[in-house]
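A.B. asks: Take a look at work-v7.cif, mmCIF, C-alpha atoms:
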data_run
#
loop_
_atom_site.label_atom_id
_atom_site.label_comp_id
_atom_site.auth_asym_id
_atom_site.auth_seq_id
_atom_site.Cartn_x
_atom_site.Cartn_y
_atom_site.Cartn_z
CA MET X 206 -14.17 4.43 7.35
CA ASN X 207 -14.46 7.39 9.72
CA PRO X 208 -11.48 7.21 12.06
CA ASN X 209 -13.16 9.46 14.62
CA MET X 210 -16.04 7.15 15.32
CA PHE X 211 -14.70 6.17 18.71
CA ASN X 212 -16.42 8.28 21.32
CA PHE X 213 -16.16 7.52 25.00
CA ASP X 214 -18.91 10.07 25.70
CA VAL X 215 -21.37 7.85 23.86
CA MET X 216 -20.57 4.96 26.13
CA GLY X 217 -20.98 6.99 29.28
CA GLY X 218 -19.67 5.78 32.60
CA GLY X 219 -20.49 2.60 34.43
CA SER X 220 -20.22 -1.03 33.41
CA GLY X 221 -21.15 -0.36 29.77
CA GLY X 222 -18.15 1.88 29.33
CA ALA X 223 -15.87 -0.54 31.16
CA ALA X 224 -17.00 -3.44 28.95
CA ALA X 225 -16.34 -1.42 25.81
CA LEU X 226 -12.91 -0.40 27.08
CA LEU X 227 -12.13 -4.04 27.85
CA ALA X 228 -13.24 -5.07 24.37
CA LEU X 229 -11.05 -2.39 22.82
CA LEU X 230 -8.05 -3.48 24.87
CA ALA X 231 -8.69 -7.05 23.73
CA MET X 232 -8.73 -5.84 20.13
CA LEU X 233 -5.45 -4.01 20.64
CA GLY X 234 -4.03 -7.22 22.04
CA ILE X 235 -5.16 -9.07 18.91
CA VAL X 236 -3.55 -6.40 16.74
CA ILE X 237 -0.26 -6.66 18.63
CA ALA X 238 -0.38 -10.44 18.28
CA ILE X 239 -0.98 -10.18 14.52
CA VAL X 240 1.90 -7.73 14.14
CA ALA X 241 4.20 -10.02 16.13
CA VAL X 242 3.25 -13.16 14.19
CA VAL X 243 3.60 -11.37 10.85
CA GLY X 244 6.96 -9.94 11.89
CA ILE X 245 8.38 -13.30 12.94
CA ALA X 246 6.98 -15.21 9.97
CA SER X 247 8.16 -12.58 7.50
CA THR X 248 11.64 -12.50 9.02
CA VAL X 249 11.92 -16.26 8.59
CA VAL X 250 10.76 -16.08 4.98
CA LEU X 251 13.13 -13.21 4.19
CA ILE X 252 16.11 -15.01 5.74
CA ILE X 253 15.34 -18.05 3.58
CA LEU X 254 14.99 -15.80 0.52
CA ILE X 255 18.29 -13.98 1.16
CA ASN X 256 20.15 -17.28 1.61
CA LYS X 257 18.54 -18.68 -1.53
CA LYS X 258 19.59 -15.61 -3.49
CA ARG X 259 23.17 -15.81 -2.15
CA LYS X 260 23.36 -19.44 -3.19
CA GLN X 261 22.03 -18.59 -6.66
CA ASN X 262 24.55 -15.78 -7.06
CA LYS X 263 27.42 -18.09 -6.01
CA GLU X 264 26.32 -20.70 -8.53
CA GLU X 265 26.04 -18.07 -11.26
CA ASP X 266 29.50 -16.70 -10.44
CA ALA X 267 30.93 -20.22 -10.49
CA THR X 268 29.28 -20.92 -13.85
CA LYS X 269 30.63 -17.66 -15.30
CA ALA X 270 34.11 -18.37 -13.94
CA ALA X 271 34.05 -21.86 -15.45
CA ALA X 272 32.87 -20.50 -18.79
CA ALA X 273 35.60 -17.84 -18.75
CA ALA X 274 38.25 -20.46 -17.93
CA THR X 275 37.01 -22.74 -20.74
CA GLY X 276 37.03 -19.84 -23.15
CA ALA X 277 40.60 -18.95 -22.15
CA GLN X 278 41.75 -22.55 -22.69
CA GLN X 279 40.17 -22.77 -26.13
CA THR X 280 41.47 -19.42 -27.35
CA PRO X 281 44.89 -19.81 -28.92
CA PRO X 282 47.57 -17.47 -27.58
CA ALA X 283 48.25 -14.35 -29.64
CA GLY X 284 50.87 -14.83 -32.36
CA ALA X 285 50.53 -18.63 -32.52
CA MET D 146 5.96 -7.70 -25.89
CA THR D 147 8.17 -4.83 -24.79
CA ILE D 148 8.77 -3.99 -21.14
CA ARG D 149 6.89 -0.73 -21.53
CA SER D 150 3.90 -2.39 -23.19
CA ARG D 151 3.63 -5.08 -20.51
CA ALA D 152 4.01 -2.50 -17.74
CA THR D 153 1.29 -0.27 -19.18
CA LYS D 154 -1.14 -3.15 -19.45
CA ALA D 155 -0.31 -4.33 -15.93
CA ALA D 156 -0.86 -0.83 -14.55
CA ALA D 157 -4.28 -0.51 -16.19
CA LEU D 158 -5.37 -4.01 -15.20
CA TYR D 159 -4.38 -3.73 -11.56
CA PHE D 160 -5.82 -0.21 -11.33
CA VAL D 161 -9.17 -1.77 -12.17
CA LEU D 162 -8.62 -4.76 -9.86
CA HIS D 163 -7.64 -2.52 -6.97
CA LEU D 164 -10.66 -0.29 -7.58
CA LEU D 165 -13.03 -3.27 -7.66
CA ASN D 166 -11.42 -4.73 -4.54
CA GLU D 167 -12.03 -1.57 -2.55
CA VAL D 168 -15.59 -1.25 -3.88
CA VAL D 169 -16.34 -4.75 -2.58
CA CYS D 170 -14.69 -4.16 0.79
CA TYR D 171 -16.12 -0.73 1.50
CA PHE D 172 -19.58 -1.67 0.28
CA MET D 173 -19.62 -4.38 2.94
CA LEU D 174 -17.98 -2.25 5.65
CA TYR D 175 -20.45 0.58 5.12
CA ARG D 176 -23.39 -1.80 5.41
CA ILE D 177 -22.37 -2.67 8.98
CA PHE D 178 -24.89 -0.81 11.10
CA GLU D 179 -23.69 -0.98 14.66
CA ASP D 180 -22.67 1.32 17.50
CA PRO D 181 -19.48 3.41 17.19
CA VAL D 182 -17.45 1.23 19.57
CA PHE D 183 -18.20 -1.90 17.55
CA ILE D 184 -17.45 -0.07 14.29
CA THR D 185 -14.10 1.05 15.68
CA MET D 186 -13.20 -2.52 16.59
CA VAL D 187 -14.24 -3.71 13.13
CA ALA D 188 -12.15 -1.02 11.47
CA LEU D 189 -9.14 -1.88 13.63
CA ILE D 190 -9.33 -5.60 12.89
CA TYR D 191 -10.05 -5.08 9.19
CA ASN D 192 -7.17 -2.62 8.72
CA CYS D 193 -4.80 -4.82 10.70
CA ILE D 194 -5.49 -8.00 8.73
CA ALA D 195 -5.66 -6.16 5.39
CA PHE D 196 -2.52 -4.05 5.79
CA VAL D 197 -0.04 -5.68 8.14
CA PRO D 198 0.25 -9.20 6.66
CA GLN D 199 0.96 -7.80 3.18
CA PHE D 200 4.56 -7.82 4.34
CA PHE D 201 4.38 -11.56 4.92
CA TRP D 202 2.35 -12.37 1.78
CA GLY D 203 4.74 -10.23 -0.25
CA ALA D 204 7.79 -11.98 1.20
CA LEU D 205 6.16 -15.35 0.54
CA ARG D 206 5.53 -14.46 -3.08
CA ASP D 207 9.10 -13.19 -3.39
CA LEU D 208 10.35 -16.54 -2.13
CA PHE D 209 7.95 -18.76 -4.08
CA ALA D 210 7.34 -17.42 -7.58
CA LYS D 211 4.62 -20.02 -8.06
CA PHE D 212 2.56 -18.60 -5.18
CA ARG D 213 -0.07 -16.49 -6.94
CA PRO D 214 -1.81 -14.34 -4.34
CA GLY D 215 -4.19 -12.83 -6.89
CA ILE D 216 -5.81 -16.18 -7.62
CA PHE D 217 -6.47 -16.82 -3.94
CA SER D 218 -7.71 -13.31 -3.28
CA VAL D 219 -10.96 -13.35 -5.25
CA PRO D 220 -12.50 -16.49 -3.68
CA LEU D 221 -11.63 -15.11 -0.25
CA LEU D 222 -13.15 -11.70 -1.00
CA LEU D 223 -16.27 -13.24 -2.48
CA SER D 224 -16.80 -15.77 0.29
CA GLY D 225 -16.34 -13.15 3.00
CA PHE D 226 -18.69 -10.80 1.20
CA LEU D 227 -21.42 -13.40 0.67
CA ILE D 228 -21.19 -14.83 4.18
CA PHE D 229 -21.83 -11.35 5.57
CA PHE D 230 -24.80 -10.59 3.36
CA LEU D 231 -26.37 -14.05 3.57
CA GLY D 232 -26.68 -14.18 7.32
CA GLY D 233 -23.30 -13.22 8.70
CA ALA D 234 -24.16 -9.78 10.01
CA LYS D 235 -23.59 -10.81 13.62
CA GLY D 236 -21.71 -13.29 15.77
CA PRO D 237 -18.91 -15.66 14.73
CA LEU D 238 -20.05 -15.64 11.09
CA PHE D 239 -19.56 -11.89 10.98
CA TRP D 240 -15.96 -12.10 12.19
CA THR D 241 -15.33 -14.98 9.79
CA SER D 242 -16.60 -12.90 6.90
CA LEU D 243 -14.48 -9.94 7.99
CA VAL D 244 -11.31 -12.02 8.24
CA LEU D 245 -11.89 -13.63 4.82
CA LEU D 246 -12.54 -10.23 3.24
CA SER D 247 -9.44 -8.71 4.84
CA ILE D 248 -7.14 -11.53 3.75
CA GLY D 249 -8.54 -11.38 0.21
CA ASN D 250 -7.92 -7.64 0.22
CA ALA D 251 -4.32 -8.13 1.35
CA LEU D 252 -3.63 -10.75 -1.31
CA ILE D 253 -4.91 -8.69 -4.24
CA HIS D 254 -2.75 -5.79 -3.04
CA VAL D 255 0.32 -8.02 -3.04
CA ALA D 256 -0.53 -9.40 -6.47
CA GLY D 257 -0.89 -5.90 -7.89
CA ALA D 258 2.30 -4.64 -6.27
CA GLU D 259 4.35 -7.65 -7.40
CA HIS D 260 3.21 -7.52 -10.99
CA THR D 261 3.35 -3.76 -11.49
CA ILE D 262 6.78 -3.48 -9.86
CA ARG D 263 8.34 -6.52 -11.51
CA THR D 264 7.13 -5.62 -15.01
CA SER D 265 8.01 -1.93 -14.86
CA GLY D 266 11.72 -1.99 -15.70
CA GLY D 267 12.42 0.40 -12.83
CA ALA D 268 9.63 2.88 -13.56
CA LEU D 269 7.25 3.93 -10.83
CA THR D 270 4.24 4.94 -12.93
CA PRO D 271 2.77 1.40 -13.09
CA VAL D 272 2.77 0.76 -9.34
CA ALA D 273 1.58 4.32 -8.68
CA VAL D 274 -1.35 3.87 -11.08
CA PHE D 275 -2.16 0.54 -9.43
CA VAL D 276 -2.17 2.14 -5.96
CA SER D 277 -4.31 5.07 -7.13
CA GLY D 278 -7.14 2.72 -8.06
CA GLY D 279 -7.79 2.18 -4.38
CA SER D 280 -8.79 5.77 -3.69
CA PHE D 281 -11.46 5.69 -6.36
CA GLY D 282 -12.70 2.31 -5.16
CA VAL D 283 -12.92 3.36 -1.50
CA ILE D 284 -15.22 6.30 -2.18
CA LEU D 285 -17.23 4.44 -4.82
CA GLY D 286 -17.84 1.58 -2.39
CA GLN D 287 -18.98 3.99 0.31
CA VAL D 288 -21.32 5.83 -2.05
CA LEU D 289 -22.82 2.61 -3.42
CA ALA D 290 -23.35 1.28 0.10
CA SER D 291 -25.42 4.35 0.93
CA THR D 292 -27.83 3.57 -1.90
CA ASN D 293 -30.39 0.78 -2.17
CA MET D 294 -28.18 -1.22 -4.47
CA SER D 295 -28.48 -4.95 -4.00
CA PHE D 296 -25.31 -6.64 -2.75
CA TRP D 297 -25.63 -9.16 -5.59
CA TRP D 298 -24.40 -6.53 -8.06
CA ILE D 299 -21.27 -6.05 -6.00
CA ALA D 300 -20.87 -9.81 -5.68
CA LEU D 301 -20.99 -9.98 -9.46
CA LEU D 302 -18.29 -7.30 -9.70
CA CYS D 303 -16.21 -9.32 -7.28
CA ALA D 304 -16.64 -12.47 -9.35
CA LEU D 305 -15.59 -10.54 -12.45
CA MET D 306 -12.26 -9.89 -10.76
CA LEU D 307 -11.26 -13.53 -11.23
CA PRO D 308 -10.92 -13.51 -15.04
CA LEU D 309 -9.05 -10.21 -14.70
CA VAL D 310 -6.63 -11.86 -12.26
CA PHE D 311 -6.01 -14.65 -14.76
CA ILE D 312 -5.36 -12.06 -17.45
CA GLY D 313 -2.82 -10.53 -15.08
CA GLU D 314 -1.11 -13.90 -14.60
CA ALA D 315 -0.99 -14.44 -18.36
CA LEU D 316 0.46 -10.96 -18.80
CA TYR D 317 3.15 -11.64 -16.21
CA LYS D 318 4.18 -14.94 -17.78
CA ASP D 319 7.43 -14.56 -19.75
CA ASN D 320 8.27 -11.37 -17.88
CA PRO D 321 11.95 -10.78 -18.79
CA LYS D 322 14.47 -11.43 -16.05
CA GLU D 323 16.07 -8.02 -16.36
CA SER D 324 12.76 -6.46 -15.34
CA ASP D 325 11.67 -9.19 -12.92
CA ASP D 326 14.72 -8.82 -10.68
CA CYS D 327 14.01 -5.08 -10.17
CA SER D 328 17.65 -4.31 -10.99
CA ASP D 329 16.64 -0.93 -12.46
CA PHE D 330 15.23 0.34 -9.16
CA ASN D 331 18.17 2.56 -8.20
CA TYR D 332 16.69 5.55 -6.44
CA VAL D 333 18.84 5.43 -3.32
CA ILE D 334 22.29 6.99 -2.79
CA PRO D 335 24.88 4.19 -2.94
CA GLY D 336 26.23 3.26 0.45
CA ARG D 337 23.06 4.03 2.36
CA LYS D 338 22.39 1.03 4.58
CA ALA D 339 19.27 -0.88 3.65
CA ILE D 340 17.99 -0.97 7.23
CA VAL D 341 18.35 2.82 7.50
CA VAL D 342 16.41 3.31 4.27
CA ILE D 343 13.67 0.91 5.35
CA LEU D 344 13.32 2.64 8.71
CA ALA D 345 13.25 6.01 6.96
CA VAL D 346 10.53 4.79 4.58
CA PHE D 347 8.56 3.41 7.52
CA PHE D 348 8.88 6.70 9.35
CA ILE D 349 7.88 8.84 6.37
CA VAL D 350 4.85 6.70 5.51
CA ALA D 351 3.66 6.41 9.12
CA VAL D 352 4.05 10.12 9.75
CA ARG D 353 2.30 11.02 6.49
CA ALA D 354 -0.56 8.66 7.40
CA LEU D 355 -0.75 10.28 10.83
CA ILE D 356 -0.74 13.87 9.63
CA GLY D 357 -3.07 13.01 6.78
CA ASN D 358 -5.81 13.08 9.39
CA GLU D 359 -4.64 16.47 10.68
CA ILE D 360 -5.02 18.23 7.35
CA PRO D 361 -7.55 21.02 7.84
CA LEU D 362 -10.64 20.31 5.74
CA ALA D 363 -13.27 22.74 6.95
CA TRP D 364 -14.49 23.04 3.36
CA LYS D 365 -15.55 19.39 3.23
CA THR D 366 -19.22 19.30 4.18
CA THR D 367 -21.03 17.46 1.41
CA LEU D 368 -20.83 14.04 -0.20
CA THR D 369 -19.74 15.54 -3.51
CA GLN D 370 -16.83 17.23 -1.75
CA SER D 371 -15.86 13.95 -0.11
CA VAL D 372 -15.87 12.30 -3.53
CA LEU D 373 -13.63 15.06 -4.89
CA LEU D 374 -11.25 14.55 -1.98
CA TYR D 375 -10.75 10.87 -2.81
CA VAL D 376 -10.56 11.56 -6.55
CA PHE D 377 -7.74 14.05 -6.03
CA MET D 378 -5.98 11.65 -3.65
CA GLY D 379 -6.11 9.03 -6.37
CA ILE D 380 -4.86 11.42 -9.03
CA GLY D 381 -2.02 12.46 -6.73
CA LYS D 382 -0.94 8.88 -6.11
CA ALA D 383 -0.71 8.20 -9.83
CA LEU D 384 0.94 11.54 -10.51
CA GLY D 385 3.68 10.74 -8.01
CA GLY D 386 4.82 7.87 -10.18
CA VAL D 387 4.46 9.79 -13.42
CA LEU D 388 6.41 12.78 -12.15
CA THR D 389 9.15 10.62 -10.63
CA ASP D 390 9.68 9.00 -14.01
CA LYS D 391 9.59 12.37 -15.80
CA ILE D 392 11.43 14.82 -13.54
CA GLY D 393 13.11 12.60 -10.95
CA MET D 394 12.36 11.44 -7.43
CA ARG D 395 14.00 14.29 -5.54
CA ARG D 396 11.98 16.94 -7.35
CA THR D 397 8.81 14.89 -6.88
CA ALA D 398 9.56 14.52 -3.17
CA PHE D 399 10.04 18.28 -2.91
CA ILE D 400 6.68 18.98 -4.57
CA SER D 401 4.82 16.36 -2.58
CA ILE D 402 6.26 17.19 0.84
CA ILE D 403 7.21 20.88 0.77
CA GLY D 404 5.21 22.05 -2.22
CA ALA D 405 2.00 20.69 -0.71
CA LEU D 406 2.36 22.68 2.53
CA PRO D 407 1.06 26.12 1.51
CA PHE D 408 -1.91 24.56 -0.28
CA LEU D 409 -2.80 22.36 2.69
CA ILE D 410 -2.51 25.20 5.19
CA LEU D 411 -4.23 27.89 3.14
CA GLY D 412 -6.85 25.52 1.81
CA ASN D 413 -8.70 24.95 5.09
CA LYS D 414 -11.75 26.77 3.79
CA LEU D 415 -10.84 26.86 0.10
CA MET D 416 -11.69 23.59 -1.59
CA VAL D 417 -9.74 24.06 -4.81
CA VAL D 418 -6.57 25.10 -2.99
CA SER D 419 -6.91 22.24 -0.53
CA LEU D 420 -7.51 19.66 -3.27
CA ILE D 421 -4.28 20.73 -4.99
CA GLY D 422 -2.50 20.27 -1.67
CA ILE D 423 -4.09 16.84 -1.16
CA MET D 424 -3.02 15.86 -4.65
CA PHE D 425 0.57 16.92 -4.04
CA PHE D 426 0.55 15.27 -0.59
CA SER D 427 -0.54 11.94 -2.09
CA MET D 428 2.37 11.94 -4.52
CA THR D 429 4.66 10.75 -1.72
CA THR D 430 3.30 7.22 -2.17
CA ALA D 431 5.39 6.50 -5.25
CA VAL D 432 8.49 8.06 -3.70
CA THR D 433 8.43 5.80 -0.67
CA ILE D 434 7.70 2.65 -2.68
CA GLY D 435 10.61 3.47 -4.97
CA MET D 436 12.95 3.99 -2.02
CA ALA D 437 11.92 0.71 -0.40
CA VAL D 438 12.21 -1.41 -3.56
CA SER D 439 15.62 0.11 -4.34
CA VAL D 440 17.09 -1.52 -1.22
CA MET D 441 14.94 -4.67 -1.31
CA LYS D 442 15.31 -5.65 -4.95
CA ILE D 443 15.05 -9.36 -4.20
CA ALA D 444 11.84 -8.79 -2.22
CA PRO D 445 9.71 -6.09 -3.85
CA GLY D 446 6.56 -7.61 -2.38
CA ALA D 447 7.97 -7.35 1.12
CA ALA D 448 9.17 -3.83 0.33
CA PHE D 449 5.61 -2.87 -0.56
CA GLY D 450 4.51 -4.54 2.68
CA VAL D 451 6.79 -2.24 4.68
CA THR D 452 4.78 0.72 3.44
CA THR D 453 1.44 -0.91 4.23
CA ILE D 454 2.47 -1.73 7.80
CA ALA D 455 3.61 1.87 8.23
CA LEU D 456 0.27 3.09 6.83
CA PHE D 457 -1.57 0.98 9.37
CA VAL D 458 0.59 2.20 12.25
CA GLY D 459 0.22 5.86 11.30
CA ALA D 460 -3.50 5.64 10.67
CA THR D 461 -4.17 3.75 13.92
CA ILE D 462 -2.17 6.22 16.00
CA SER D 463 -4.14 9.05 14.41
CA TRP D 464 -7.36 7.60 15.84
CA PHE D 465 -6.10 8.25 19.35
CA THR D 466 -4.53 11.65 18.70
CA GLY D 467 -5.70 14.68 16.84
CA GLY D 468 -8.58 16.98 17.63
CA GLY D 469 -6.12 19.80 18.17
CA SER D 470 -6.63 23.38 17.12
CA PHE D 471 -5.99 24.57 13.57
CA LEU D 472 -2.70 26.18 14.63
CA THR D 473 -1.52 23.05 16.43
CA ASN D 474 -2.29 20.90 13.41
CA VAL D 475 -0.49 23.32 11.09
CA ILE D 476 2.61 23.32 13.29
CA ILE D 477 2.61 19.52 13.42
CA ILE D 478 2.22 19.27 9.65
CA VAL D 479 5.02 21.75 8.99
CA ILE D 480 7.51 20.20 11.40
CA THR D 481 6.85 16.61 10.34
CA SER D 482 7.00 17.59 6.67
CA ALA D 483 10.40 19.20 7.19
CA ILE D 484 11.70 16.06 8.90
CA CYS D 485 10.30 13.80 6.18
CA PHE D 486 11.80 15.99 3.46
CA LEU D 487 15.26 16.07 5.03
CA THR D 488 15.10 12.32 5.56
CA SER D 489 14.18 11.70 1.95
CA MET D 490 16.96 13.99 0.71
CA TYR D 491 19.42 11.97 2.79
CA ILE D 492 18.23 8.81 1.02
CA ILE D 493 17.28 9.68 -2.55
CA LYS D 494 19.90 9.81 -5.26
CA PRO D 495 20.26 13.22 -6.94
CA GLU D 496 18.70 13.37 -10.40
CA ARG D 497 22.01 13.88 -12.17
CA GLU D 498 23.30 10.55 -10.80
CA VAL D 499 20.31 8.46 -11.92
CA ALA D 500 21.24 6.45 -15.01
#
Can you give me the file's structure in the form of structure tokens?
C.D. replies:
Amino acid sequence: MNPNMFNFDVMGGGSGGAAALLALLAMLGIVIAIVAVVGIASTVVLIILINKKRKQNKEEDATKAAAAATGAQQTPPAGA
Amino acid sequence: MTIRSRATKAAALYFVLHLLNEVVCYFMLYRIFEDPVFITMVALIYNCIAFVPQFFWGALRDLFAKFRPGIFSVPLLLSGFLIFFLGGAKGPLFWTSLVLLSIGNALIHVAGAEHTIRTSGGALTPVAVFVSGGSFGVILGQVLASTNMSFWWIALLCALMLPLVFIGEALYKDNPKESDDCSDFNYVIPGRKAIVVILAVFFIVAVRALIGNEIPLAWKTTLTQSVLLYVFMGIGKALGGVLTDKIGMRRTAFISIIGALPFLILGNKLMVVSLIGIMFFSMTTAVTIGMAVSVMKIAPGAAFGVTTIALFVGATISWFTGGGSFLTNVIIIVITSAICFLTSMYIIKPEREVA
């Protein structure tokens, strides 16, 4: 897509140019709205993901700690 | 299946999927025959919906492993494509077709990024190869659109993407956890705050997208030369991943940011010199993806989305700037390249410290 297609000279002055400018501003508004919605929605999803990961890590640490404690209990002391 | 074997297959598969995706999209976009103002609006909306929400779709996939964006992407692409060609060239149907196409585009990108990153075991070649497919697809789509080719052939290509997506899902199944959690992505100096790295990545990608349009290309006057431009961009994107895995990210960043400069500046009227510069310049893609994933290991899809938002921002800003003299453009390219290089050196772990 040619990024230099936008040419105000083509539109000329008068109401045609004003209508095109208005349409472009509307498009920019849509873009800003999309960026805002994506930003908010993504932030929510990422917060949920980070909390989920923290919870998983805690559970894994607890499981490992429990397994280590069980292993220590079952291992006879040295020299016994 | 070994990690390397799965990663190689994923890279090849998603290279093809990405290529086909861009062929479909650009074939349709280049069959829109309207005035320049309308085309600009179309391009803005298309780029916005295709690039920006990849951050959200990526985050969603990171949260819900059962969400398979690839499977949704093909029906969306195909329906948008067919609506346009079967009577949707104007009015509300046109915008509907554009939105469907853009969302489908975004989803296949996320699918490719997720699978090639999560299966790679920390290597960047797979995701770089996946990304490079887009360059070839963009120019192929444009060239095909300029011919008399019936849109049904492209629709068929689009439909053929679906079995490939299912192959990708089958390939990803049983992906080992040690690769899936991206724990081997360790390209960033320990202690660097994640938010600083993400902002740095955003800055580098946006600036590179901006100055990409300032690169002097007086030599480019024919279609064949345009094709060569995109081919070398694609080769550069893949090479960025290959070189990072071979010689390290810092050295690759040096080549792609500083090494490219003399070729870009001196190549204004010399095609071969310029193409080498373009190739080097494009290698930055893998570097920035690697940096982002290194600090967002639990969300590689969202990390990829950071780069796509930055691409959109940089490219959009470039539409409203530019047109400066050769000297002005050169000065801008040199200064921004220096800043990007210093920023990346602040972030990227030295080669000797990479395990």
A.B. asks: How many Å separate atom CA of Val432 of chain D from atom CA of Ala398 of chain D?
C.D. replies: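 Interatomic distance, atom CA of Val432 of chain D to atom CA of Ala398 of chain D: 6.6 Å.
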A.B. asks: Output the contact residues of chain D with respect to chain X at a cut-off of 8 Å, based on all atoms listed in the file, as a PyMOL selection string.
C.D. replies: chain D and resi 174-175+181-182+184-186+188-190+193-194+197-198+200-201+204-205+207-208+443-444+463-464
A.B. asks: Skipping near chain neighbours, those fewer than 4 positions away, what residues fall within 8 Å of Met378 of chain D using all atoms listed in the file, listed as an MDAnalysis selection string?
C.D. replies: chainID D and resid 277 280 374 382 423:424 427
A.B. asks: Just the selected residues (C-alpha atoms), exported as a CSV table (one decimal), in the frame of the given file, please.
C.D. replies:
chain,number,residue,atom,x,y,z
D,277,SER,CA,-4.3,5.1,-7.1
D,280,SER,CA,-8.8,5.8,-3.7
D,374,LEU,CA,-11.2,14.6,-2.0
D,382,LYS,CA,-0.9,8.9,-6.1
D,423,ILE,CA,-4.1,16.8,-1.2
D,424,MET,CA,-3.0,15.9,-4.6
D,427,SER,CA,-0.5,11.9,-2.1
A.B. asks: How would you write, as a short mmCIF file (atom, residue, chain, number, x, y, z; two decimals) with C-alpha atoms, keeping the file's coordinate frame, the residues chosen by the PyMOL selection byres ((chain D and resi 387) around 10) on this structure?
C.D. replies:
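Everything below was put into selection-v3.cif:
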data_model
loop_
_atom_site.label_atom_id
_atom_site.label_comp_id
_atom_site.auth_asym_id
_atom_site.auth_seq_id
_atom_site.Cartn_x
_atom_site.Cartn_y
_atom_site.Cartn_z
CA ALA D 268 9.63 2.88 -13.56
CA LEU D 269 7.25 3.93 -10.83
CA THR D 270 4.24 4.94 -12.93
CA PRO D 271 2.77 1.40 -13.09
CA ALA D 273 1.58 4.32 -8.68
CA VAL D 274 -1.35 3.87 -11.08
CA GLY D 381 -2.02 12.46 -6.73
CA LYS D 382 -0.94 8.88 -6.11
CA ALA D 383 -0.71 8.20 -9.83
CA LEU D 384 0.94 11.54 -10.51
CA GLY D 385 3.68 10.74 -8.01
CA GLY D 386 4.82 7.87 -10.18
CA LEU D 388 6.41 12.78 -12.15
CA THR D 389 9.15 10.62 -10.63
CA ASP D 390 9.68 9.00 -14.01
CA LYS D 391 9.59 12.37 -15.80
CA ILE D 392 11.43 14.82 -13.54
CA GLY D 393 13.11 12.60 -10.95
CA THR D 397 8.81 14.89 -6.88
CA MET D 428 2.37 11.94 -4.52
CA ALA D 431 5.39 6.50 -5.25
#
A.B. asks: I need the residue set behind the PyMOL selection byres ((chain D and resi 328) around 9) for this file; please write it as a PDB file with C-alpha atoms, keeping the file's coordinate frame.
C.D. replies:
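Heads up, here's the output in result_5.pdb:
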ATOM      1  CA  GLY D 266      11.720  -1.990 -15.700  1.00  0.00           C
ATOM      2  CA  GLY D 267      12.420   0.400 -12.830  1.00  0.00           C
ATOM      3  CA  GLU D 323      16.070  -8.020 -16.360  1.00  0.00           C
ATOM      4  CA  SER D 324      12.760  -6.460 -15.340  1.00  0.00           C
ATOM      5  CA  ASP D 325      11.670  -9.190 -12.920  1.00  0.00           C
ATOM      6  CA  ASP D 326      14.720  -8.820 -10.680  1.00  0.00           C
ATOM      7  CA  CYS D 327      14.010  -5.080 -10.170  1.00  0.00           C
ATOM      8  CA  ASP D 329      16.640  -0.930 -12.460  1.00  0.00           C
ATOM      9  CA  PHE D 330      15.230   0.340  -9.160  1.00  0.00           C
ATOM     10  CA  ASN D 331      18.170   2.560  -8.200  1.00  0.00           C
ATOM     11  CA  SER D 439      15.620   0.110  -4.340  1.00  0.00           C
ATOM     12  CA  LYS D 442      15.310  -5.650  -4.950  1.00  0.00           C
ATOM     13  CA  ILE D 443      15.050  -9.360  -4.200  1.00  0.00           C
TER      14      ILE D 443
END
A.B. asks: Calculate how many Å separate atom CA of Val372 of chain D from atom CA of Ser295 of chain D, rounding to one decimal.
C.D. replies: 21.4 Å
A.B. asks: Could you pull the residues within 12 Å of segment 313-317 of chain D, counting all atoms listed in the file, minus those fewer than 4 positions along the same chain, as a ChimeraX atom specification?
C.D. replies: /D:146-148,150-162,210-216,253,256-265,306-309,321-322,324-325
A.B. asks: Could you write out as a ChimeraX atom specification the residues that the PyMOL selection byres ((chain D and resi 434) around 9) matches in the shown file?
C.D. replies: /D:269,272-273,346,429-433,435-439,448-449,451-452
A.B. asks: Name the closest residue to Gly282 of chain D among the candidates D:Phe399, D:Phe172, D:Trp364, D:Phe457; distances are taken between atoms, counting only C-alpha atoms.
C.D. replies: D:Phe172
A.B. asks: How many Å separate atom CA of Ala345 of chain D from atom CA of Thr461 of chain D?
C.D. replies: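 So the answer is 18.9 Å.
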A.B. asks: Kindly indicate which residue among D:Met441, D:Leu285, D:Met490, D:Leu302 lies nearest to Ile402 of chain D, using only C-alpha atoms for the distances.
C.D. replies: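 Closest to Ile402 of chain D of all the choices is D:Met490.
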A.B. asks: I'd like the contact shell of Trp298 of chain D - 12 Å cut-off, all atoms listed in the file, skipping same-chain residues fewer than 4 positions apart - returned as a list in words.
C.D. replies: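 Here the qualifying residues turn out to be Leu165, Val168, Val169, Phe172, Leu223, Phe226, Leu227, Gly286, Leu289, Ala290, Asn293, Met294, Leu302, Cys303, Ala304 and Leu305 of chain D.
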A.B. asks: Quick one: 6 Å padding each side, axis-aligned, all listed atoms of segment 253-265 of chain X - centre and edge lengths in Å to one decimal, as lines of an AutoDock Vina configuration file?
C.D. replies:
center_x = 21.2
center_y = -17.3
center_z = -3.8
size_x = 24.4
size_y = 18.7
size_z = 26.8
A.B. asks: In terms of the shortest atom-to-atom distance over only C-alpha atoms, which of D:Gly412, D:Gly404, D:Pro361, D:Gly225 is closest to Phe426 of chain D?
C.D. replies: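 Checking each candidate against Phe426 of chain D, we get D:Gly404 as the closest.
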A.B. asks: Pick from D:Leu487, D:Met416, D:Val283, D:Leu222: nearest to Thr366 of chain D, with all atoms listed in the file counted?
C.D. replies: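 Among the listed residues, the smallest separation from Thr366 of chain D belongs to D:Met416.
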